[in-house]
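coords-v4.cif (mmCIF, C-alpha atoms)
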data_structure
loop_
_atom_site.group_PDB
_atom_site.id
_atom_site.type_symbol
_atom_site.label_atom_id
_atom_site.label_comp_id
_atom_site.auth_asym_id
_atom_site.auth_seq_id
_atom_site.Cartn_x
_atom_site.Cartn_y
_atom_site.Cartn_z
ATOM 1 C CA MET A 1 61.184 136.569 93.334
ATOM 2 C CA LYS A 2 59.278 134.202 91.054
ATOM 3 C CA LYS A 3 61.328 132.339 88.483
ATOM 4 C CA ILE A 4 61.240 130.952 84.953
ATOM 5 C CA ILE A 5 63.576 127.970 84.459
ATOM 6 C CA VAL A 6 65.165 127.412 81.044
ATOM 7 C CA PRO A 7 67.014 124.063 80.747
ATOM 8 C CA SER A 8 70.108 124.412 78.572
ATOM 9 C CA ASP A 9 72.527 122.167 76.733
ATOM 10 C CA PHE A 10 74.432 125.284 75.537
ATOM 11 C CA SER A 11 72.979 124.903 72.023
ATOM 12 C CA GLU A 12 71.340 127.374 69.638
ATOM 13 C CA VAL A 13 68.042 125.714 70.448
ATOM 14 C CA ALA A 14 68.548 126.561 74.098
ATOM 15 C CA ASP A 15 69.329 130.113 72.942
ATOM 16 C CA SER A 16 65.963 130.124 71.186
ATOM 17 C CA ALA A 17 64.200 129.030 74.382
ATOM 18 C CA ILE A 18 66.013 131.763 76.313
ATOM 19 C CA LYS A 19 64.875 134.364 73.780
ATOM 20 C CA TYR A 20 61.309 133.140 74.126
ATOM 21 C CA ALA A 21 61.515 133.288 77.920
ATOM 22 C CA LEU A 22 62.908 136.812 77.742
ATOM 23 C CA ASN A 23 60.081 137.834 75.438
ATOM 24 C CA ILE A 24 57.243 136.567 77.619
ATOM 25 C CA ASN A 25 59.046 137.821 80.711
ATOM 26 C CA LYS A 26 58.274 141.368 79.588
ATOM 27 C CA VAL A 27 54.842 140.544 80.991
ATOM 28 C CA PHE A 28 55.737 138.124 83.807
ATOM 29 C CA ASN A 29 58.719 140.087 85.140
ATOM 30 C CA TYR A 30 60.211 137.022 86.856
ATOM 31 C CA ASP A 31 63.836 136.022 87.365
ATOM 32 C CA ILE A 32 65.098 133.782 84.552
ATOM 33 C CA VAL A 33 67.380 130.927 85.590
ATOM 34 C CA LEU A 34 69.384 128.940 83.051
ATOM 35 C CA LEU A 35 69.626 125.355 84.268
ATOM 36 C CA HIS A 36 72.052 122.652 83.193
ATOM 37 C CA ILE A 37 71.972 119.098 84.497
ATOM 38 C CA ALA A 38 75.536 117.764 84.671
ATOM 39 C CA LYS A 39 76.263 114.051 84.597
ATOM 40 C CA SER A 40 78.703 114.135 87.514
ATOM 41 C CA ASN A 41 80.319 116.461 90.026
ATOM 42 C CA ASP A 42 83.422 116.507 87.834
ATOM 43 C CA ASP A 43 81.443 118.300 85.129
ATOM 44 C CA VAL A 44 79.950 121.033 87.316
ATOM 45 C CA ALA A 45 82.723 123.626 87.055
ATOM 46 C CA GLU A 46 83.017 123.418 83.265
ATOM 47 C CA ALA A 47 79.240 123.420 82.839
ATOM 48 C CA GLY A 48 78.973 126.471 85.065
ATOM 49 C CA GLU A 49 81.428 128.394 82.894
ATOM 50 C CA LYS A 50 79.620 127.402 79.702
ATOM 51 C CA LEU A 51 76.299 128.429 81.183
ATOM 52 C CA LYS A 52 77.676 131.825 82.232
ATOM 53 C CA ALA A 53 79.088 132.305 78.727
ATOM 54 C CA GLN A 54 75.708 131.513 77.233
ATOM 55 C CA ALA A 55 73.958 133.918 79.593
ATOM 56 C CA ALA A 56 76.443 136.665 78.694
ATOM 57 C CA LYS A 57 75.224 136.621 75.079
ATOM 58 C CA PHE A 58 71.973 138.223 76.156
ATOM 59 C CA SER A 59 71.499 141.802 77.316
ATOM 60 C CA ALA A 60 69.613 140.692 80.396
ATOM 61 C CA ASN A 61 70.312 139.726 83.972
ATOM 62 C CA LEU A 62 70.173 135.928 83.803
ATOM 63 C CA THR A 63 70.962 133.631 86.706
ATOM 64 C CA THR A 64 72.700 130.298 86.128
ATOM 65 C CA HIS A 65 72.441 127.042 88.038
ATOM 66 C CA VAL A 66 74.048 123.623 87.585
ATOM 67 C CA SER A 67 72.666 120.467 89.183
ATOM 68 C CA VAL A 68 73.993 116.922 89.029
ATOM 69 C CA GLY A 69 71.710 114.113 87.975
ATOM 70 C CA ASP A 70 69.643 112.741 85.138
ATOM 71 C CA ILE A 71 68.018 115.179 82.707
ATOM 72 C CA PHE A 72 64.777 113.188 82.626
ATOM 73 C CA ASP A 73 64.179 113.328 86.379
ATOM 74 C CA ASP A 74 66.149 116.264 87.694
ATOM 75 C CA ILE A 75 64.823 119.175 85.639
ATOM 76 C CA PRO A 76 61.471 119.114 87.508
ATOM 77 C CA LYS A 77 63.320 118.461 90.779
ATOM 78 C CA ALA A 78 65.682 121.392 90.287
ATOM 79 C CA ALA A 79 62.808 123.631 89.189
ATOM 80 C CA ALA A 80 60.949 122.773 92.395
ATOM 81 C CA GLU A 81 64.016 123.420 94.545
ATOM 82 C CA LEU A 82 64.572 126.776 92.860
ATOM 83 C CA GLY A 83 60.936 127.788 93.321
ATOM 84 C CA ALA A 84 60.100 127.984 89.618
ATOM 85 C CA GLU A 85 56.676 129.118 88.438
ATOM 86 C CA LEU A 86 57.252 128.087 84.814
ATOM 87 C CA ILE A 87 59.637 125.978 82.728
ATOM 88 C CA VAL A 88 60.491 126.949 79.136
ATOM 89 C CA MET A 89 62.228 124.231 77.094
ATOM 90 C CA GLY A 90 63.469 124.216 73.508
ATOM 91 C CA THR A 91 63.497 121.282 71.116
ATOM 92 C CA HIS A 92 65.629 120.367 68.127
ATOM 93 C CA GLY A 93 64.348 116.934 67.319
ATOM 94 C CA LEU A 94 66.493 113.884 67.875
ATOM 95 C CA ARG A 95 69.824 115.670 68.092
ATOM 96 C CA GLY A 96 71.830 116.533 71.163
ATOM 97 C CA LEU A 97 71.008 116.438 74.849
ATOM 98 C CA MET A 98 67.670 118.150 74.291
ATOM 99 C CA GLN A 99 66.365 115.077 72.447
ATOM 100 C CA PHE A 100 64.363 114.355 75.611
ATOM 101 C CA ILE A 101 61.839 116.916 74.389
ATOM 102 C CA VAL A 102 60.710 114.504 71.679
ATOM 103 C CA GLY A 103 57.829 112.093 72.192
ATOM 104 C CA GLY A 104 57.416 110.136 75.388
ATOM 105 C CA ASN A 105 60.679 111.377 76.881
ATOM 106 C CA ALA A 106 59.317 114.924 76.973
ATOM 107 C CA MET A 107 56.325 113.708 78.908
ATOM 108 C CA ARG A 108 58.638 112.169 81.516
ATOM 109 C CA ILE A 109 59.780 115.690 82.363
ATOM 110 C CA ILE A 110 56.406 117.392 82.014
ATOM 111 C CA THR A 111 54.582 114.710 84.002
ATOM 112 C CA ASN A 112 56.939 115.184 86.960
ATOM 113 C CA SER A 113 56.669 118.956 86.915
ATOM 114 C CA ASP A 114 54.641 120.819 89.516
ATOM 115 C CA VAL A 115 54.465 123.884 87.272
ATOM 116 C CA PRO A 116 53.368 124.509 83.668
ATOM 117 C CA VAL A 117 55.894 123.803 80.923
ATOM 118 C CA ILE A 118 56.181 125.673 77.633
ATOM 119 C CA VAL A 119 57.874 123.748 74.828
ATOM 120 C CA THR A 120 59.214 125.988 72.071
ATOM 121 C CA GLN A 121 60.236 125.139 68.530
ATOM 122 C CA SER A 122 63.787 125.888 67.407
ATOM 123 C CA ASP A 123 62.916 128.351 64.646
ATOM 124 C CA ASN A 124 59.867 129.936 66.259
ATOM 125 C CA GLN A 125 59.667 133.627 65.401
ATOM 126 C CA LYS A 126 56.692 134.600 67.579
ATOM 127 C CA THR A 127 57.293 137.800 69.485
ATOM 128 C CA GLY A 128 54.177 137.947 71.655
ATOM 129 C CA ILE A 129 51.006 136.169 72.716
ATOM 130 C CA SER A 130 47.846 137.671 71.237
ATOM 131 C CA LYS A 131 45.948 134.448 70.505
ATOM 132 C CA VAL A 132 45.769 131.330 72.684
ATOM 133 C CA LEU A 133 44.267 128.002 71.635
ATOM 134 C CA LEU A 134 42.692 125.563 74.075
ATOM 135 C CA SER A 135 41.425 122.149 72.993
ATOM 136 C CA LEU A 136 38.425 120.708 74.840
ATOM 137 C CA ASP A 137 37.268 117.133 74.311
ATOM 138 C CA LEU A 138 34.400 115.139 75.778
ATOM 139 C CA ASN A 139 36.089 114.472 79.138
ATOM 140 C CA GLU A 140 35.248 116.812 81.995
ATOM 141 C CA GLU A 141 38.900 116.757 83.089
ATOM 142 C CA THR A 142 39.947 118.774 80.046
ATOM 143 C CA LYS A 143 38.157 121.769 81.544
ATOM 144 C CA GLN A 144 41.080 121.968 83.976
ATOM 145 C CA GLY A 145 42.939 123.657 81.126
ATOM 146 C CA LEU A 146 40.662 126.699 81.366
ATOM 147 C CA PRO A 147 42.544 128.471 84.201
ATOM 148 C CA MET A 148 45.782 128.054 82.243
ATOM 149 C CA ALA A 149 44.337 129.633 79.096
ATOM 150 C CA ARG A 150 42.503 132.253 81.143
ATOM 151 C CA GLU A 151 45.579 133.447 82.997
ATOM 152 C CA ILE A 152 47.718 133.673 79.875
ATOM 153 C CA ALA A 153 44.921 135.575 78.124
ATOM 154 C CA GLN A 154 44.538 137.958 81.053
ATOM 155 C CA ARG A 155 48.258 138.615 81.384
ATOM 156 C CA PHE A 156 48.822 139.172 77.662
ATOM 157 C CA ASN A 157 45.409 140.617 76.767
ATOM 158 C CA ALA A 158 44.989 137.720 74.343
ATOM 159 C CA GLU A 159 42.000 136.177 72.614
ATOM 160 C CA ILE A 160 41.169 132.536 73.387
ATOM 161 C CA HIS A 161 40.247 130.072 70.655
ATOM 162 C CA ILE A 162 38.488 126.919 71.857
ATOM 163 C CA VAL A 163 38.500 123.948 69.504
ATOM 164 C CA SER A 164 36.620 120.683 70.008
ATOM 165 C CA PRO A 165 36.247 117.488 67.952
ATOM 166 C CA ASP A 166 33.132 117.467 65.779
ATOM 167 C CA GLU A 167 31.714 114.160 66.973
ATOM 168 C CA SER A 168 28.819 112.699 64.974
ATOM 169 C CA ASP A 169 27.671 110.440 67.816
ATOM 170 C CA GLU A 170 24.874 112.296 69.617
ATOM 171 C CA PHE A 171 25.907 111.146 73.101
ATOM 172 C CA LEU A 172 29.546 112.194 72.635
ATOM 173 C CA ARG A 173 28.577 115.456 70.979
ATOM 174 C CA ASN A 174 26.274 116.342 73.872
ATOM 175 C CA LYS A 175 29.117 115.785 76.354
ATOM 176 C CA ILE A 176 31.345 118.077 74.334
ATOM 177 C CA LEU A 177 28.587 120.684 74.103
ATOM 178 C CA ARG A 178 28.195 120.667 77.886
ATOM 179 C CA ASN A 179 31.942 121.172 78.337
ATOM 180 C CA LEU A 180 31.905 123.922 75.736
ATOM 181 C CA GLN A 181 28.998 125.689 77.405
ATOM 182 C CA PHE A 182 30.822 125.532 80.727
ATOM 183 C CA ALA A 183 33.944 126.974 79.107
ATOM 184 C CA GLU A 184 32.055 129.806 77.455
ATOM 185 C CA ASN A 185 30.359 130.726 80.731
ATOM 186 C CA TYR A 186 33.678 130.557 82.572
ATOM 187 C CA LEU A 187 35.460 132.824 80.098
ATOM 188 C CA SER A 188 32.541 135.237 79.876
ATOM 189 C CA GLN A 189 32.522 135.601 83.657
ATOM 190 C CA HIS A 190 36.176 136.639 83.456
ATOM 191 C CA GLY A 191 35.469 139.147 80.700
ATOM 192 C CA LEU A 192 37.660 137.391 78.131
ATOM 193 C CA SER A 193 37.336 137.494 74.366
ATOM 194 C CA TYR A 194 36.977 134.021 72.845
ATOM 195 C CA LYS A 195 35.921 132.031 69.809
ATOM 196 C CA ALA A 196 34.712 128.417 69.677
ATOM 197 C CA GLN A 197 35.055 126.081 66.713
ATOM 198 C CA PHE A 198 34.373 122.427 65.975
ATOM 199 C CA ILE A 199 37.025 120.713 63.869
ATOM 200 C CA GLU A 200 37.338 117.261 62.353
ATOM 201 C CA ALA A 201 37.452 114.446 64.904
ATOM 202 C CA GLY A 202 39.292 111.131 64.634
ATOM 203 C CA SER A 203 42.888 109.972 64.652
ATOM 204 C CA ALA A 204 44.072 113.043 62.738
ATOM 205 C CA TYR A 205 42.513 115.461 65.205
ATOM 206 C CA HIS A 206 45.916 116.733 66.346
ATOM 207 C CA LYS A 207 46.713 117.670 62.737
ATOM 208 C CA GLU A 208 43.453 119.595 62.514
ATOM 209 C CA VAL A 209 44.320 121.413 65.733
ATOM 210 C CA VAL A 210 47.669 122.481 64.274
ATOM 211 C CA LYS A 211 46.086 123.395 60.937
ATOM 212 C CA TYR A 212 43.548 125.573 62.726
ATOM 213 C CA ALA A 213 46.253 127.141 64.867
ATOM 214 C CA LYS A 214 48.424 127.932 61.884
ATOM 215 C CA TYR A 215 45.556 129.385 59.821
ATOM 216 C CA ASN A 216 44.400 131.579 62.718
ATOM 217 C CA ASP A 217 47.876 132.775 63.714
ATOM 218 C CA ILE A 218 47.737 131.185 67.169
ATOM 219 C CA ASP A 219 50.706 132.154 69.329
ATOM 220 C CA LEU A 220 50.390 129.519 72.048
ATOM 221 C CA ILE A 221 48.599 126.156 72.252
ATOM 222 C CA CYS A 222 47.469 125.156 75.759
ATOM 223 C CA ILE A 223 46.885 121.495 76.573
ATOM 224 C CA LEU A 224 46.273 119.417 79.674
ATOM 225 C CA ASN A 225 48.499 116.408 80.284
ATOM 226 C CA ASN A 226 46.540 113.341 81.358
ATOM 227 C CA ALA A 227 49.716 111.703 82.567
ATOM 228 C CA ASP A 228 48.269 108.532 84.041
ATOM 229 C CA GLU A 229 46.501 107.715 80.765
ATOM 230 C CA LYS A 230 43.361 106.713 82.648
ATOM 231 C CA ILE A 231 41.516 109.355 80.693
ATOM 232 C CA ILE A 232 41.433 108.564 76.987
ATOM 233 C CA HIS A 233 41.235 111.621 74.782
ATOM 234 C CA ALA A 234 38.717 111.703 71.989
ATOM 235 C CA PHE A 235 41.750 112.339 69.805
ATOM 236 C CA GLY A 236 44.162 109.751 71.225
ATOM 237 C CA ILE A 237 46.384 109.426 74.284
ATOM 238 C CA ASP A 238 49.499 110.728 72.521
ATOM 239 C CA ILE A 239 48.068 114.134 71.616
ATOM 240 C CA GLU A 240 50.589 115.851 73.900
ATOM 241 C CA GLN A 241 53.573 114.207 72.212
ATOM 242 C CA LYS A 242 52.319 115.134 68.752
ATOM 243 C CA LEU A 243 51.460 118.715 69.606
ATOM 244 C CA ILE A 244 54.665 119.669 71.410
ATOM 245 C CA THR A 245 56.613 118.850 68.222
ATOM 246 C CA ASN A 246 54.039 120.324 65.832
ATOM 247 C CA ASP A 247 55.236 121.155 62.337
ATOM 248 C CA ALA A 248 53.884 124.707 62.541
ATOM 249 C CA ASP A 249 56.522 125.539 65.192
ATOM 250 C CA ILE A 250 53.918 126.916 67.605
ATOM 251 C CA PRO A 251 54.910 126.909 71.292
ATOM 252 C CA VAL A 252 52.828 124.570 73.454
ATOM 253 C CA MET A 253 52.068 125.101 77.126
ATOM 254 C CA VAL A 254 51.332 121.923 79.088
ATOM 255 C CA MET A 255 49.900 121.627 82.567
ATOM 256 C CA ASN A 256 49.373 118.362 84.415
ATOM 257 C CA GLU A 257 45.907 117.216 85.351
ATOM 258 C CA THR A 258 45.323 117.681 89.066
ATOM 259 C CA GLN A 259 42.907 116.404 91.647
ATOM 260 C CA THR A 260 41.847 119.984 92.312
ATOM 261 C CA TYR A 261 39.100 121.160 90.001
ATOM 262 C CA ILE A 262 38.800 124.551 88.331
ATOM 263 C CA ASN A 263 39.433 127.500 90.597
ATOM 264 C CA ASP A 264 40.085 131.165 90.148
ATOM 265 C CA GLY A 265 43.570 131.138 91.623
ATOM 266 C CA THR A 266 46.687 131.720 89.579
ATOM 267 C CA ILE A 267 48.348 128.652 88.088
ATOM 268 C CA PHE A 268 51.707 130.267 88.765
ATOM 269 C CA THR A 269 51.322 130.278 92.542
ATOM 270 C CA HIS A 270 52.086 127.164 94.584
#
Let me see the structure of the file written as structure tokens.
Amino acid sequence: MKKIIVPSDFSEVADSAIKYALNINKVFNYDIVLLHIAKSNDDVAEAGEKLKAQAAKFSANLTTHVSVGDIFDDIPKAAAELGAELIVMGTHGLRGLMQFIVGGNAMRIITNSDVPVIVTQSDNQKTGISKVLLSLDLNEETKQGLPMAREIAQRFNAEIHIVSPDESDEFLRNKILRNLQFAENYLSQHGLSYKAQFIEAGSAYHKEVVKYAKYNDIDLICILNNADEKIIHAFGIDIEQKLITNDADIPVMVMNETQTYINDGTIFTH
């Protein structure tokens, strides 16, 4: 059975991530595993009891699992060992064990993950996915995000919104236009409903992405993680860090850039 992993520190924020996982699982129909990373073997028994108590609060069949290690490195490792297809993590800023979700620390987990990661906001009230946003810049690699947006849209019967920076430089704009044309052809071939929009470029591009998402009632933002930083975004290399903690409390799904180019296979199958 395919699995969704939800890392937990037993907090209300973890509860929020569990609720989100349960909501989207109405479509996925996977097993949901609550995961806690204990600091030592001495903590395993107590952590296991706390995790079972947390799971019992929900009217669902949730599995629990405790691993020993470091939260930064062992969440992706445990997810791989458990055969996860997706990780859903909650964030509550700089407080508690889940502080790793903030900034560069979050990317340490996401970068090491072999599967997509959804980062949820603590007070997110979204109850479905009807609109998905995908940001495309001038780099060809960003088109790798298309299968991610496509599969979510297909599973949830959602509309895709493509946003791109409105570059004034003719050379850069032409590169973006080529990527956009590719994306439109790709989505049309899969029979998906989509919209495309240019928004303000520059250092505040991530804010414009969030503003657009909030105004258009976007339910999920999809982004590609260029983990090695060899590819410089048109909107800055820290776009992932800024978007996963966006002030509109919109969940963000992140997938790592791969050496394999766009294909029609599912992103949730190894």
In terms of only C-alpha atoms, the residue from A:Asp219, A:Asp137, A:Asp43, A:Asp114 at minimal distance from His161 of chain A is A:Asp219
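Checking A:Ser164, A:Thr91, A:Ser8, A:Ser67 one by one against Gln181 of chain A, counting all atoms listed in the file, you find the shortest gap at A:Ser164.
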Taken to one decimal, the atom CA of Gly202 of chain A-atom CA of Ile250 of chain A distance is 21.7 Å
Please, which residues are within 9 Å of (70.1, 122.1, 78.4) by the file's coordinates, counting all atoms listed in the file, and could they come as a tab-separated table (two decimals) with C-alpha atoms, in the coordinates of the input?
chain	number	residue	atom	x	y	z
A	6	VAL	CA	65.17	127.41	81.04
A	7	PRO	CA	67.01	124.06	80.75
A	8	SER	CA	70.11	124.41	78.57
A	9	ASP	CA	72.53	122.17	76.73
A	10	PHE	CA	74.43	125.28	75.54
A	11	SER	CA	72.98	124.90	72.02
A	13	VAL	CA	68.04	125.71	70.45
A	14	ALA	CA	68.55	126.56	74.10
A	34	LEU	CA	69.38	128.94	83.05
A	35	LEU	CA	69.63	125.36	84.27
A	36	HIS	CA	72.05	122.65	83.19
A	37	ILE	CA	71.97	119.10	84.50
A	71	ILE	CA	68.02	115.18	82.71
A	89	MET	CA	62.23	124.23	77.09
A	90	GLY	CA	63.47	124.22	73.51
A	97	LEU	CA	71.01	116.44	74.85
A	98	MET	CA	67.67	118.15	74.29
When the PyMOL selection byres ((chain A and resi 20) around 9) is applied to the file above, which residues end up in the set, as a ChimeraX atom specification?
/A:15-19,21-25,88,120,124-128
Could you check the closest approach to Leu180 of chain A for each of A:Lys207, A:Lys39, A:Lys195, A:Lys3 and tell me which residue wins, using only C-alpha atoms?
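Smallest distance to Leu180 of chain A is found for A:Lys195.
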Given the file shown, determine the residues that the PyMOL selection byres ((chain A and resi 183) around 12) selects; report them as a PDB file with C-alpha atoms, keeping the file's coordinate frame.
ATOM      1  CA  LEU A 134      42.692 125.563  74.075  1.00  0.00           C
ATOM      2  CA  SER A 135      41.425 122.149  72.993  1.00  0.00           C
ATOM      3  CA  LEU A 136      38.425 120.708  74.840  1.00  0.00           C
ATOM      4  CA  ASP A 137      37.268 117.133  74.311  1.00  0.00           C
ATOM      5  CA  GLU A 140      35.248 116.812  81.995  1.00  0.00           C
ATOM      6  CA  THR A 142      39.947 118.774  80.046  1.00  0.00           C
ATOM      7  CA  LYS A 143      38.157 121.769  81.544  1.00  0.00           C
ATOM      8  CA  GLN A 144      41.080 121.968  83.976  1.00  0.00           C
ATOM      9  CA  GLY A 145      42.939 123.657  81.126  1.00  0.00           C
ATOM     10  CA  LEU A 146      40.662 126.699  81.366  1.00  0.00           C
ATOM     11  CA  PRO A 147      42.544 128.471  84.201  1.00  0.00           C
ATOM     12  CA  ALA A 149      44.337 129.633  79.096  1.00  0.00           C
ATOM     13  CA  ARG A 150      42.503 132.253  81.143  1.00  0.00           C
ATOM     14  CA  ILE A 160      41.169 132.536  73.387  1.00  0.00           C
ATOM     15  CA  HIS A 161      40.247 130.072  70.655  1.00  0.00           C
ATOM     16  CA  ILE A 162      38.488 126.919  71.857  1.00  0.00           C
ATOM     17  CA  VAL A 163      38.500 123.948  69.504  1.00  0.00           C
ATOM     18  CA  SER A 164      36.620 120.683  70.008  1.00  0.00           C
ATOM     19  CA  ILE A 176      31.345 118.077  74.334  1.00  0.00           C
ATOM     20  CA  LEU A 177      28.587 120.684  74.103  1.00  0.00           C
ATOM     21  CA  ARG A 178      28.195 120.667  77.886  1.00  0.00           C
ATOM     22  CA  ASN A 179      31.942 121.172  78.337  1.00  0.00           C
ATOM     23  CA  LEU A 180      31.905 123.922  75.736  1.00  0.00           C
ATOM     24  CA  GLN A 181      28.998 125.689  77.405  1.00  0.00           C
ATOM     25  CA  PHE A 182      30.822 125.532  80.727  1.00  0.00           C
ATOM     26  CA  GLU A 184      32.055 129.806  77.455  1.00  0.00           C
ATOM     27  CA  ASN A 185      30.359 130.726  80.731  1.00  0.00           C
ATOM     28  CA  TYR A 186      33.678 130.557  82.572  1.00  0.00           C
ATOM     29  CA  LEU A 187      35.460 132.824  80.098  1.00  0.00           C
ATOM     30  CA  SER A 188      32.541 135.237  79.876  1.00  0.00           C
ATOM     31  CA  GLN A 189      32.522 135.601  83.657  1.00  0.00           C
ATOM     32  CA  HIS A 190      36.176 136.639  83.456  1.00  0.00           C
ATOM     33  CA  LEU A 192      37.660 137.391  78.131  1.00  0.00           C
ATOM     34  CA  TYR A 194      36.977 134.021  72.845  1.00  0.00           C
ATOM     35  CA  LYS A 195      35.921 132.031  69.809  1.00  0.00           C
ATOM     36  CA  ALA A 196      34.712 128.417  69.677  1.00  0.00           C
ATOM     37  CA  ILE A 262      38.800 124.551  88.331  1.00  0.00           C
TER      38      ILE A 262
END
Rounded to one decimal, what separation in Å do you get between atom CA of Asp247 of chain A and atom CA of Ala79 of chain A?
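Going from atom CA of Asp247 of chain A over to atom CA of Ala79 of chain A, I get 28.0 Å.
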For a quick check of understanding, using all atoms listed in the file, which of A:Ser193, A:Asn174, A:Thr111, A:Asn29 has the smallest distance to Ala158 of chain A?
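Smallest separation from Ala158 of chain A among the options: A:Ser193.
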